[in-house]
>>> print(open('input-v7.cif').read())   # mmCIF, C-alpha atoms and all ligand atoms
data_query
loop_
_atom_site.label_atom_id
_atom_site.label_comp_id
_atom_site.auth_asym_id
_atom_site.auth_seq_id
_atom_site.Cartn_x
_atom_site.Cartn_y
_atom_site.Cartn_z
CA MET A 8 19.39 201.33 128.33
CA ILE A 9 21.23 200.75 125.03
CA GLN A 10 24.52 202.66 124.97
CA ASP A 11 25.29 204.84 121.97
CA SER A 12 28.57 202.98 121.51
CA THR A 13 26.67 199.66 121.20
CA ILE A 14 24.74 201.00 118.23
CA MET A 15 27.62 202.85 116.62
CA SER A 16 30.69 200.68 117.12
CA ASP A 17 31.98 198.95 114.02
CA SER A 18 35.11 196.84 114.11
CA SER A 19 34.65 195.44 110.57
CA VAL A 20 36.54 198.32 108.93
CA SER A 21 40.27 198.56 109.44
CA ASN A 22 41.86 201.92 110.16
CA GLU A 23 45.30 201.00 108.82
CA PRO A 24 47.03 203.72 106.77
CA LEU A 25 45.79 203.92 103.16
CA THR A 26 46.97 205.72 100.05
CA LEU A 27 44.60 208.29 98.54
CA ALA A 28 44.59 210.40 95.42
CA ILE A 29 42.79 213.69 95.93
CA LEU A 30 41.93 215.43 92.66
CA GLY A 31 41.73 219.21 92.97
CA ALA A 32 44.22 221.17 95.04
CA GLY A 33 41.87 224.10 95.66
CA ALA A 34 40.44 225.10 99.03
CA TRP A 35 38.47 221.90 99.61
CA GLY A 36 40.93 219.39 98.15
CA SER A 37 43.70 220.87 100.33
CA ALA A 38 41.54 220.73 103.49
CA LEU A 39 40.56 217.10 102.79
CA ALA A 40 44.23 216.25 102.24
CA GLN A 41 45.06 217.79 105.61
CA LEU A 42 42.33 215.70 107.33
CA ALA A 43 43.52 212.45 105.73
CA ARG A 44 47.19 213.14 106.54
CA TYR A 45 46.23 213.96 110.13
CA ASN A 46 45.02 210.33 110.33
CA GLY A 47 48.32 208.98 108.97
CA HIS A 48 47.20 208.32 105.40
CA THR A 49 49.37 209.01 102.36
CA VAL A 50 47.87 211.57 99.99
CA HIS A 51 48.71 212.23 96.35
CA LEU A 52 47.23 215.67 95.76
CA TRP A 53 46.66 216.22 92.04
CA SER A 54 45.71 219.36 90.18
CA ARG A 55 45.80 220.30 86.52
CA ARG A 56 47.84 223.31 87.66
CA LEU A 57 50.48 221.34 89.61
CA ASP A 58 53.38 219.71 87.88
CA ASN A 59 52.36 216.10 88.61
CA SER A 60 50.88 213.44 86.37
CA LEU A 61 47.37 212.09 86.89
CA ALA A 62 48.53 208.58 85.94
CA GLU A 63 51.21 208.58 88.67
CA SER A 64 48.82 210.11 91.21
CA ILE A 65 46.34 207.23 90.90
CA ASP A 66 48.95 204.47 90.86
CA SER A 67 48.32 201.83 93.61
CA ILE A 68 45.81 203.98 95.51
CA ASP A 69 43.13 202.59 97.85
CA VAL A 70 40.66 205.49 97.54
CA LEU A 71 40.09 208.21 94.92
CA VAL A 72 38.67 211.54 96.10
CA SER A 73 37.41 214.23 93.73
CA ALA A 74 37.31 217.80 95.06
CA ILE A 75 37.37 219.57 91.74
CA SER A 76 34.83 222.22 90.88
CA MET A 77 31.82 221.20 88.77
CA ARG A 78 33.16 222.54 85.50
CA GLY A 79 36.13 220.16 85.74
CA VAL A 80 34.31 216.94 86.69
CA ALA A 81 33.21 215.57 83.29
CA VAL A 82 36.54 216.33 81.63
CA THR A 83 38.50 214.74 84.50
CA ILE A 84 36.36 211.58 84.33
CA GLU A 85 37.11 211.35 80.61
CA GLN A 86 40.82 211.74 81.30
CA LEU A 87 40.74 209.06 84.03
CA GLN A 88 38.93 206.61 81.76
CA THR A 89 42.02 206.49 79.55
CA LEU A 90 44.15 205.49 82.58
CA LYS A 91 44.28 202.44 84.85
CA LEU A 92 42.38 203.05 88.09
CA PRO A 93 42.91 200.21 90.61
CA ASP A 94 39.93 197.78 90.50
CA LYS A 95 36.84 198.49 92.57
CA ILE A 96 38.35 201.15 94.82
CA PRO A 97 35.83 203.63 96.29
CA ILE A 98 35.45 206.93 94.43
CA VAL A 99 34.53 209.79 96.72
CA THR A 100 32.92 212.90 95.24
CA ALA A 101 33.02 216.11 97.30
CA THR A 102 31.90 218.51 94.55
CA LYS A 103 28.71 220.52 95.17
CA GLY A 104 27.27 221.33 91.76
CA LEU A 105 25.17 220.27 88.76
CA ASP A 106 26.55 219.48 85.32
CA PRO A 107 25.31 222.12 82.83
CA ASP A 108 25.39 219.75 79.83
CA SER A 109 23.53 216.78 81.30
CA THR A 110 21.93 218.41 84.43
CA LEU A 111 23.27 215.37 86.35
CA THR A 112 24.95 215.46 89.76
CA PRO A 113 28.68 214.71 90.13
CA SER A 114 27.97 211.29 91.69
CA GLN A 115 25.77 210.38 88.73
CA LEU A 116 28.60 211.35 86.35
CA TRP A 117 31.13 209.32 88.35
CA GLY A 118 28.71 206.38 88.51
CA MET A 119 28.25 206.40 84.72
CA GLY A 120 31.99 206.74 84.12
CA PHE A 121 33.06 204.06 86.60
CA SER A 122 30.17 201.64 87.04
CA ASP A 123 32.40 198.97 88.66
CA HIS A 124 33.38 201.25 91.53
CA PRO A 125 31.37 202.16 94.64
CA ILE A 126 30.59 205.89 94.60
CA VAL A 127 30.57 207.76 97.91
CA VAL A 128 29.26 211.32 98.34
CA LEU A 129 31.00 213.43 101.01
CA SER A 130 29.01 216.52 101.98
CA GLY A 131 28.21 218.58 105.05
CA PRO A 132 28.62 221.97 106.74
CA ASN A 133 32.33 222.18 105.92
CA LEU A 134 33.84 225.60 105.34
CA SER A 135 37.40 224.69 104.38
CA ALA A 136 38.94 227.71 106.15
CA GLU A 137 37.53 226.57 109.52
CA ILE A 138 38.59 222.96 108.94
CA GLU A 139 42.14 224.01 108.07
CA GLN A 140 42.29 225.89 111.39
CA GLY A 141 41.50 222.58 113.13
CA LEU A 142 38.08 223.73 114.36
CA PRO A 143 35.58 220.90 115.03
CA ALA A 144 33.20 219.96 112.20
CA ALA A 145 31.03 217.07 111.03
CA THR A 146 30.12 215.63 107.66
CA VAL A 147 28.26 212.81 105.94
CA VAL A 148 29.59 210.06 103.67
CA ALA A 149 26.73 208.52 101.71
CA SER A 150 26.68 205.52 99.43
CA GLU A 151 24.48 202.65 98.34
CA ASP A 152 27.53 200.54 99.29
CA LEU A 153 27.71 200.80 103.08
CA GLU A 154 31.12 199.10 103.26
CA ALA A 155 32.61 201.74 100.97
CA ALA A 156 31.02 204.51 103.05
CA LYS A 157 32.56 202.98 106.20
CA ILE A 158 36.03 202.91 104.63
CA VAL A 159 35.73 206.60 103.77
CA GLN A 160 34.36 207.32 107.26
CA GLN A 161 37.51 205.78 108.76
CA VAL A 162 39.79 207.69 106.39
CA PHE A 163 38.55 211.13 107.47
CA ALA A 164 37.09 210.70 110.98
CA SER A 165 39.10 212.14 113.86
CA ASN A 166 38.71 214.08 117.08
CA ARG A 167 38.26 217.24 114.98
CA PHE A 168 36.10 215.84 112.17
CA ARG A 169 33.08 213.68 112.95
CA VAL A 170 31.90 211.59 110.00
CA TYR A 171 28.44 209.99 109.74
CA THR A 172 27.44 207.38 107.15
CA SER A 173 24.22 207.52 105.13
CA PHE A 174 22.40 205.32 102.61
CA ASP A 175 21.14 208.35 100.65
CA PRO A 176 23.82 209.65 98.27
CA MET A 177 21.33 211.64 96.16
CA GLY A 178 19.78 213.44 99.14
CA THR A 179 23.20 214.09 100.66
CA GLU A 180 24.57 215.49 97.42
CA LEU A 181 21.52 217.61 96.57
CA GLY A 182 21.38 219.16 100.05
CA GLY A 183 24.94 220.46 99.67
CA THR A 184 24.35 221.57 96.10
CA LEU A 185 20.97 223.29 96.33
CA LYS A 186 21.80 225.23 99.49
CA ASN A 187 24.38 227.20 97.47
CA VAL A 188 21.51 228.85 95.58
CA ILE A 189 19.86 229.71 98.88
CA ALA A 190 23.16 231.05 100.25
CA ILE A 191 23.11 233.62 97.46
CA ALA A 192 19.58 234.63 98.54
CA ALA A 193 20.73 234.77 102.19
CA GLY A 194 23.60 237.07 101.24
CA VAL A 195 21.09 239.36 99.52
CA CYS A 196 18.88 239.30 102.61
CA ASP A 197 21.77 240.34 104.88
CA GLY A 198 23.19 242.81 102.35
CA LEU A 199 19.84 244.58 102.21
CA GLN A 200 19.63 244.44 106.04
CA LEU A 201 16.18 242.87 105.95
CA GLY A 202 16.43 241.62 109.54
CA THR A 203 16.34 238.36 111.47
CA ASN A 204 12.64 237.62 110.88
CA ALA A 205 13.11 237.86 107.14
CA LYS A 206 16.21 235.63 107.23
CA SER A 207 14.41 232.94 109.24
CA ALA A 208 11.44 233.04 106.90
CA LEU A 209 13.75 232.80 103.90
CA LEU A 210 15.71 229.81 105.19
CA THR A 211 12.63 227.93 106.40
CA ARG A 212 10.75 228.34 103.14
CA ALA A 213 13.95 227.53 101.23
CA LEU A 214 14.20 224.20 103.04
CA THR A 215 10.64 223.39 101.93
CA GLU A 216 11.66 224.27 98.38
CA ILE A 217 14.82 222.13 98.51
CA ILE A 218 12.83 219.19 99.88
CA ARG A 219 10.19 219.60 97.15
CA ILE A 220 12.64 219.33 94.28
CA GLY A 221 15.22 217.20 96.11
CA THR A 222 12.75 214.40 96.87
CA HIS A 223 11.41 214.60 93.30
CA LEU A 224 14.97 213.94 92.12
CA GLY A 225 15.37 210.94 94.44
CA GLY A 226 16.63 212.28 97.80
CA LYS A 227 14.97 211.22 101.06
CA THR A 228 13.12 213.86 103.10
CA GLU A 229 14.96 213.10 106.37
CA THR A 230 18.35 213.62 104.71
CA PHE A 231 17.45 217.25 103.97
CA PHE A 232 16.90 217.81 107.70
CA GLY A 233 20.36 216.42 108.47
CA LEU A 234 23.93 217.73 108.36
CA SER A 235 24.23 217.73 104.58
CA GLY A 236 20.91 219.58 104.18
CA LEU A 237 19.75 221.93 106.91
CA GLY A 238 23.18 221.79 108.57
CA ASP A 239 25.03 222.94 105.48
CA MET A 240 22.37 225.53 104.70
CA LEU A 241 22.77 227.09 108.17
CA THR A 242 26.55 227.25 107.79
CA THR A 243 26.62 228.62 104.27
CA CYS A 244 23.78 231.11 104.74
CA ASN A 245 25.30 232.60 107.90
CA SER A 246 28.99 232.90 107.13
CA ALA A 247 30.95 235.54 105.28
CA LEU A 248 33.46 232.73 104.63
CA SER A 249 30.96 231.29 102.15
CA ARG A 250 31.64 232.42 98.61
CA ASN A 251 28.02 231.88 97.59
CA TYR A 252 26.81 234.06 100.45
CA ARG A 253 29.32 236.71 99.39
CA VAL A 254 27.92 236.68 95.85
CA GLY A 255 24.45 237.60 97.14
CA TYR A 256 25.83 240.11 99.64
CA GLY A 257 27.87 241.86 96.95
CA LEU A 258 24.88 242.04 94.57
CA ALA A 259 22.75 243.57 97.33
CA LYS A 260 25.46 246.19 97.84
CA GLY A 261 25.18 247.21 94.20
CA LYS A 262 28.15 245.34 92.75
CA THR A 263 27.81 243.53 89.42
CA LEU A 264 28.07 239.75 89.31
CA GLU A 265 31.25 240.03 87.26
CA GLN A 266 32.80 242.33 89.91
CA VAL A 267 31.87 239.99 92.76
CA LEU A 268 33.20 236.88 91.00
CA THR A 269 36.47 238.63 90.12
CA GLU A 270 36.93 239.71 93.73
CA LEU A 271 36.22 236.14 94.96
CA GLY A 272 38.84 234.59 92.70
CA SER A 273 37.60 231.04 93.48
CA THR A 274 34.58 228.86 92.88
CA ALA A 275 31.04 229.98 93.80
CA GLU A 276 29.14 226.92 92.54
CA GLY A 277 25.72 228.45 93.27
CA VAL A 278 25.88 230.62 90.15
CA ASN A 279 26.07 227.69 87.72
CA THR A 280 23.85 225.54 89.95
CA THR A 281 21.04 228.13 89.81
CA ASN A 282 20.97 228.05 86.02
CA VAL A 283 20.92 224.24 85.86
CA LEU A 284 18.39 223.98 88.69
CA ILE A 285 15.96 226.28 86.89
CA GLU A 286 16.32 224.14 83.76
CA ILE A 287 15.46 221.03 85.80
CA ALA A 288 12.57 222.73 87.60
CA HIS A 289 11.03 223.88 84.30
CA ARG A 290 11.45 220.43 82.79
CA GLU A 291 9.96 218.67 85.83
CA GLN A 292 7.33 221.37 86.53
CA ILE A 293 8.41 221.87 90.16
CA PRO A 294 7.78 225.33 91.68
CA ILE A 295 10.92 226.78 93.33
CA PRO A 296 10.08 230.46 93.85
CA ILE A 297 13.13 231.51 95.89
CA SER A 298 15.59 229.92 93.47
CA TRP A 299 13.66 231.51 90.60
CA GLN A 300 14.27 234.98 92.06
CA VAL A 301 17.98 234.14 92.47
CA TYR A 302 18.05 233.05 88.83
CA GLN A 303 16.49 236.31 87.65
CA LEU A 304 18.89 238.32 89.80
CA LEU A 305 21.98 236.49 88.48
CA ASN A 306 20.75 236.89 84.92
CA HIS A 307 20.25 240.66 85.25
CA GLN A 308 16.45 240.40 84.96
CA ILE A 309 15.57 241.88 88.36
CA THR A 310 17.08 243.99 91.17
CA PRO A 311 17.59 242.60 94.69
CA GLN A 312 14.79 244.87 95.98
CA LYS A 313 12.38 243.69 93.27
CA ALA A 314 13.23 240.05 94.06
CA VAL A 315 12.19 240.59 97.69
CA GLU A 316 8.96 242.32 96.61
CA ALA A 317 8.16 239.47 94.24
CA LEU A 318 8.53 236.89 97.04
CA MET A 319 6.41 238.90 99.48
CA GLU A 320 3.61 239.48 96.97
CA ARG A 321 3.11 235.86 95.90
CA ASP A 322 -0.39 234.38 96.21
CA LEU A 323 -1.36 233.61 99.81
CA LYS A 324 -1.55 229.92 100.71
CA PRO A 325 -1.26 227.45 103.62
CA GLU A 326 2.24 226.77 105.00
CA PHE A 327 1.74 223.02 104.44
CA TYR A 328 -0.81 221.14 102.37
CA ARG A 329 -2.60 218.21 103.99
N1 LIG A 401 35.86 225.40 99.88
C1 LIG A 401 34.98 224.82 100.67
O1 LIG A 401 34.81 225.22 101.83
C2 LIG A 401 34.18 223.64 100.18
C3 LIG A 401 33.61 222.80 101.11
C4 LIG A 401 32.84 221.72 100.67
C5 LIG A 401 32.68 221.50 99.31
N2 LIG A 401 33.25 222.32 98.43
C6 LIG A 401 33.07 222.04 96.99
O2 LIG A 401 34.29 221.54 96.47
C7 LIG A 401 34.42 221.92 95.09
C8 LIG A 401 35.75 222.64 94.91
O3 LIG A 401 35.70 223.80 95.71
P1 LIG A 401 37.01 224.60 96.13
O4 LIG A 401 36.60 225.48 97.23
O5 LIG A 401 38.16 223.68 96.36
O6 LIG A 401 37.25 225.47 94.81
P2 LIG A 401 38.62 226.10 94.30
O7 LIG A 401 38.22 227.11 93.30
O8 LIG A 401 39.45 226.50 95.46
O9 LIG A 401 39.35 224.86 93.59
C9 LIG A 401 38.78 224.24 92.48
C10 LIG A 401 39.66 223.10 92.02
O10 LIG A 401 39.04 222.48 90.86
C11 LIG A 401 40.03 222.42 89.84
N3 LIG A 401 39.42 222.55 88.50
C12 LIG A 401 38.62 223.55 88.08
N4 LIG A 401 38.32 223.35 86.77
C13 LIG A 401 38.96 222.22 86.39
C14 LIG A 401 39.06 221.50 85.17
N5 LIG A 401 38.45 221.94 84.07
N6 LIG A 401 39.80 220.37 85.15
C15 LIG A 401 40.41 219.93 86.27
N7 LIG A 401 40.37 220.57 87.46
C16 LIG A 401 39.65 221.70 87.51
C17 LIG A 401 40.97 223.61 90.09
O11 LIG A 401 42.22 223.44 89.45
C18 LIG A 401 41.07 223.55 91.61
O12 LIG A 401 42.02 222.57 91.99
C19 LIG A 401 33.21 222.80 94.78
O13 LIG A 401 32.23 222.02 94.15
C20 LIG A 401 32.74 223.27 96.15
O14 LIG A 401 31.34 223.53 96.19
C21 LIG A 401 34.02 223.39 98.82
O1 LIG A 402 32.23 228.84 100.11
P1 LIG A 402 31.01 228.09 99.63
O2 LIG A 402 29.80 228.98 99.53
O3 LIG A 402 31.27 227.30 98.41
O4 LIG A 402 30.62 227.04 100.78
C1 LIG A 402 31.54 226.05 101.13
C2 LIG A 402 30.86 224.79 101.65
O5 LIG A 402 29.95 224.28 100.72
C3 LIG A 402 30.21 224.95 103.00
O6 LIG A 402 29.79 223.70 103.47
#
>>> encode(input="input-v7.cif", output="structure tokens")
Amino acid sequence: MIQDSTIMSDSSVSNEPLTLAILGAGAWGSALAQLARYNGHTVHLWSRRLDNSLAESIDSIDVLVSAISMRGVAVTIEQLQTLKLPDKIPIVTATKGLDPDSTLTPSQLWGMGFSDHPIVVLSGPNLSAEIEQGLPAATVVASEDLEAAKIVQQVFASNRFRVYTSFDPMGTELGGTLKNVIAIAAGVCDGLQLGTNAKSALLTRALTEIIRIGTHLGGKTETFFGLSGLGDMLTTCNSALSRNYRVGYGLAKGKTLEQVLTELGSTAEGVNTTNVLIEIAHREQIPIPISWQVYQLLNHQITPQKAVEALMERDLKPEFYR
């Protein structure tokens, strides 16, 4: 029998200490910094709000990691283009969002801005609060450049954080991004106390929806069944630690979106992602009924109860088409 270690072992990547810049000192940037430091790496944590210069933060680094929220990605890329990033170092993007101006993903923006660098997507079921407590978790690092993905795997992998590589950056990134829209719907479902049957139906049909649009945009079907797809959806749709879930839950309890976002005080990417996703779905003519109800809810066009009714009263059809 072939041993797992025979398939998995890889001695080609060194695990000597590296120097990283992590952009974004919010919840996720700080947790990633903790994971890298745990492995003995040096981390320059940069934020527009901290008193440190971006130019100094990227000086002589081996890996650049971006954990800034979507609204800061394009502007940070522009800023970095005026500076001297070390040649060919991997750029890791850990943002889960869609750019409202271009409708592109963060990895597409980074790829356009730094075409000479390998781009690695890091995404998975990773609630930062659990990771900072040292609880076990797993993630995926995906790139068309497998060597770059392996370097990033070594940087973050430890006995508390299991890191898998993947060849499908688009599928990995879209799984983590699109599930935020579904997490809002899941929060509504729980806030309205619709029950376990309803929640299972919602998540299962949502996965079909994510696969429909995610594969159209270039992701691979199997990726959406993995950690960065189904795995992240299960985490985010079942945890009150998730800010996107809390948005839906708050709306179901009668709060306004503005109230919920003020109370959160940090990024719930699903709100912006829903608007951009609906723009893409209209443009590409892809039906995404659950996300459409979330869109109407966020844009004050429907109540949570009416959104549920609308989903239940859709035309009857087979679960799968042959
Ligand atoms: N928190 C988590 O558990 C978690 C886990 C995985 C992925 N993510 C993703 O990571 C990203 C960041 O999430 P977070 O939880 O750290 O959010 P956060 O609100 O805690 O931090 C956001 C960070 O982005 C920076 N930022 C925002 N706008 C900026 C701009 N215009 N220019 C430069 N920097 C800007 C902020 O200064 C801050 O450092 C999101 O896309 C989120 O979906 C978060
Ligand atoms: O708090 P959320 O909803 O942004 O979720 C955080 C992560 O994406 C979970 O993997």
>>> atom_distance(input="input-v7.cif", atom1="atom C16 of ligand LIG 401 (chain A)", atom2="CA of Gly257 (chain A)")
25.2 Å
>>> residues_around(input="input-v7.cif", residues="Ile293 (chain A)", least_positions_apart="2", cutoff="9 Å", atoms="all atoms listed in the file", output="mmCIF file with C-alpha atoms, in the frame of the given file")
data_model
loop_
_atom_site.group_PDB
_atom_site.id
_atom_site.type_symbol
_atom_site.label_atom_id
_atom_site.label_comp_id
_atom_site.auth_asym_id
_atom_site.auth_seq_id
_atom_site.Cartn_x
_atom_site.Cartn_y
_atom_site.Cartn_z
ATOM 1 C CA ARG A 219 10.190 219.600 97.150
ATOM 2 C CA ILE A 220 12.640 219.330 94.280
ATOM 3 C CA HIS A 223 11.410 214.600 93.300
ATOM 4 C CA ILE A 287 15.460 221.030 85.800
ATOM 5 C CA ALA A 288 12.570 222.730 87.600
ATOM 6 C CA HIS A 289 11.030 223.880 84.300
ATOM 7 C CA ARG A 290 11.450 220.430 82.790
ATOM 8 C CA GLU A 291 9.960 218.670 85.830
ATOM 9 C CA ILE A 295 10.920 226.780 93.330
#
>>> closest_residue(input="input-v7.cif", among="A:Asn22, A:Gln140, A:Asn245, A:Gln300", to="ligand LIG 402 (chain A)", atoms="only C-alpha atoms and all ligand atoms")
A:Asn245
>>> closest_residue(input="input-v7.cif", among="A:Gly79, A:Pro24, A:Gly194, A:Pro93", to="ligand LIG 402 (chain A)", atoms="all atoms listed in the file")
A:Gly194
>>> closest_residue(input="input-v7.cif", among="A:Val159, A:Val254, A:Val20, A:Leu271", to="ligand LIG 401 (chain A)", atoms="all atoms listed in the file")
A:Leu271
>>> residues_near_ligand(input="input-v7.cif", ligand="ligand LIG 402 (chain A)", cutoff="8 Å", atoms="only C-alpha atoms and all ligand atoms", output="PDB file with C-alpha atoms, keeping the file's coordinate frame")
ATOM      1  CA  LYS A 103      28.710 220.520  95.170  1.00  0.00           C
ATOM      2  CA  SER A 130      29.010 216.520 101.980  1.00  0.00           C
ATOM      3  CA  GLY A 131      28.210 218.580 105.050  1.00  0.00           C
ATOM      4  CA  PRO A 132      28.620 221.970 106.740  1.00  0.00           C
ATOM      5  CA  ASN A 133      32.330 222.180 105.920  1.00  0.00           C
ATOM      6  CA  LEU A 134      33.840 225.600 105.340  1.00  0.00           C
ATOM      7  CA  SER A 135      37.400 224.690 104.380  1.00  0.00           C
ATOM      8  CA  GLY A 183      24.940 220.460  99.670  1.00  0.00           C
ATOM      9  CA  THR A 184      24.350 221.570  96.100  1.00  0.00           C
ATOM     10  CA  ASN A 187      24.380 227.200  97.470  1.00  0.00           C
ATOM     11  CA  ALA A 190      23.160 231.050 100.250  1.00  0.00           C
ATOM     12  CA  ASP A 239      25.030 222.940 105.480  1.00  0.00           C
ATOM     13  CA  MET A 240      22.370 225.530 104.700  1.00  0.00           C
ATOM     14  CA  THR A 242      26.550 227.250 107.790  1.00  0.00           C
ATOM     15  CA  THR A 243      26.620 228.620 104.270  1.00  0.00           C
ATOM     16  CA  LEU A 248      33.460 232.730 104.630  1.00  0.00           C
ATOM     17  CA  SER A 249      30.960 231.290 102.150  1.00  0.00           C
ATOM     18  CA  ARG A 250      31.640 232.420  98.610  1.00  0.00           C
ATOM     19  CA  ASN A 251      28.020 231.880  97.590  1.00  0.00           C
ATOM     20  CA  TYR A 252      26.810 234.060 100.450  1.00  0.00           C
ATOM     21  CA  ARG A 253      29.320 236.710  99.390  1.00  0.00           C
ATOM     22  CA  THR A 274      34.580 228.860  92.880  1.00  0.00           C
ATOM     23  CA  ALA A 275      31.040 229.980  93.800  1.00  0.00           C
ATOM     24  CA  GLU A 276      29.140 226.920  92.540  1.00  0.00           C
ATOM     25  CA  GLY A 277      25.720 228.450  93.270  1.00  0.00           C
TER      26      GLY A 277
END
>>> residues_near_ligand(input="input-v7.cif", ligand="ligand LIG 401 (chain A)", cutoff="6 Å", atoms="only C-alpha atoms and all ligand atoms", output="number ranges by chain")
A: 31-36, 54-56, 74-79, 83, 101-104, 133-135, 273-274, 276
>>> write_last_selection(input="input-v7.cif", atoms="C-alpha atoms", output="short mmCIF file (atom, residue, chain, number, x, y, z; two decimals), keeping the file's coordinate frame")
data_model
loop_
_atom_site.label_atom_id
_atom_site.label_comp_id
_atom_site.auth_asym_id
_atom_site.auth_seq_id
_atom_site.Cartn_x
_atom_site.Cartn_y
_atom_site.Cartn_z
CA GLY A 31 41.73 219.21 92.97
CA ALA A 32 44.22 221.17 95.04
CA GLY A 33 41.87 224.10 95.66
CA ALA A 34 40.44 225.10 99.03
CA TRP A 35 38.47 221.90 99.61
CA GLY A 36 40.93 219.39 98.15
CA SER A 54 45.71 219.36 90.18
CA ARG A 55 45.80 220.30 86.52
CA ARG A 56 47.84 223.31 87.66
CA ALA A 74 37.31 217.80 95.06
CA ILE A 75 37.37 219.57 91.74
CA SER A 76 34.83 222.22 90.88
CA MET A 77 31.82 221.20 88.77
CA ARG A 78 33.16 222.54 85.50
CA GLY A 79 36.13 220.16 85.74
CA THR A 83 38.50 214.74 84.50
CA ALA A 101 33.02 216.11 97.30
CA THR A 102 31.90 218.51 94.55
CA LYS A 103 28.71 220.52 95.17
CA GLY A 104 27.27 221.33 91.76
CA ASN A 133 32.33 222.18 105.92
CA LEU A 134 33.84 225.60 105.34
CA SER A 135 37.40 224.69 104.38
CA SER A 273 37.60 231.04 93.48
CA THR A 274 34.58 228.86 92.88
CA GLU A 276 29.14 226.92 92.54
#
>>> residues_near_point(input="input-v7.cif", point="(22.6, 231.5, 87.5)", cutoff="7 Å", atoms="all atoms listed in the file", output="list of chain:residue names")
A:Val278, A:Asn279, A:Thr280, A:Thr281, A:Asn282, A:Tyr302, A:Leu305, A:Asn306
>>> residues_around(input="input-v7.cif", residues="region 141-151 of chain A", least_positions_apart="5", cutoff="6 Å", atoms="all atoms listed in the file", output="list in words")
Val127, Val128, Leu129, Ser130, Gly131, Ala156, Arg167, Phe168, Arg169, Val170, Tyr171, Thr172, Ser173, Phe174, Asp175 and Pro176 of chain A
>>> atom_distance(input="input-v7.cif", atom1="CA of Ile68 (chain A)", atom2="CA of Glu137 (chain A)")
27.8 Å
>>> closest_residue(input="input-v7.cif", among="A:Gln303, A:Gly178, A:Lys186, A:Ile191", to="Thr230 (chain A)", atoms="only C-alpha atoms")
A:Gly178
>>> decode(input="input-v7.cif", residues="region 142-146 of chain A", atoms="all heavy atoms", output="compact mmCIF listing (two decimals), in the first residue's frame")
# COMPACT_ATOMS: atom_id res chain seq x y z
N LEU A 142 -6.33 27.28 18.04
CA LEU A 142 -7.15 26.10 17.72
C LEU A 142 -6.73 25.56 16.34
O LEU A 142 -6.29 26.31 15.48
CB LEU A 142 -8.63 26.48 17.71
CG LEU A 142 -9.20 26.91 19.07
CD1 LEU A 142 -10.61 27.48 18.91
CD2 LEU A 142 -9.19 25.73 20.03
N PRO A 143 -6.86 24.24 16.12
CA PRO A 143 -6.42 23.68 14.84
C PRO A 143 -7.31 24.14 13.68
O PRO A 143 -8.52 24.27 13.83
CB PRO A 143 -6.55 22.16 15.04
CG PRO A 143 -7.36 21.96 16.26
CD PRO A 143 -7.35 23.22 17.06
N ALA A 144 -6.68 24.37 12.53
CA ALA A 144 -7.41 24.79 11.33
C ALA A 144 -6.63 24.35 10.10
O ALA A 144 -5.46 23.94 10.21
CB ALA A 144 -7.61 26.31 11.32
N ALA A 145 -7.27 24.43 8.95
CA ALA A 145 -6.61 24.08 7.68
C ALA A 145 -6.96 25.11 6.63
O ALA A 145 -8.00 25.78 6.72
CB ALA A 145 -7.06 22.70 7.22
N THR A 146 -6.09 25.22 5.64
CA THR A 146 -6.34 26.19 4.56
C THR A 146 -5.77 25.67 3.26
O THR A 146 -5.16 24.59 3.21
CB THR A 146 -5.76 27.58 4.93
OG1 THR A 146 -6.46 28.59 4.22
CG2 THR A 146 -4.27 27.67 4.65
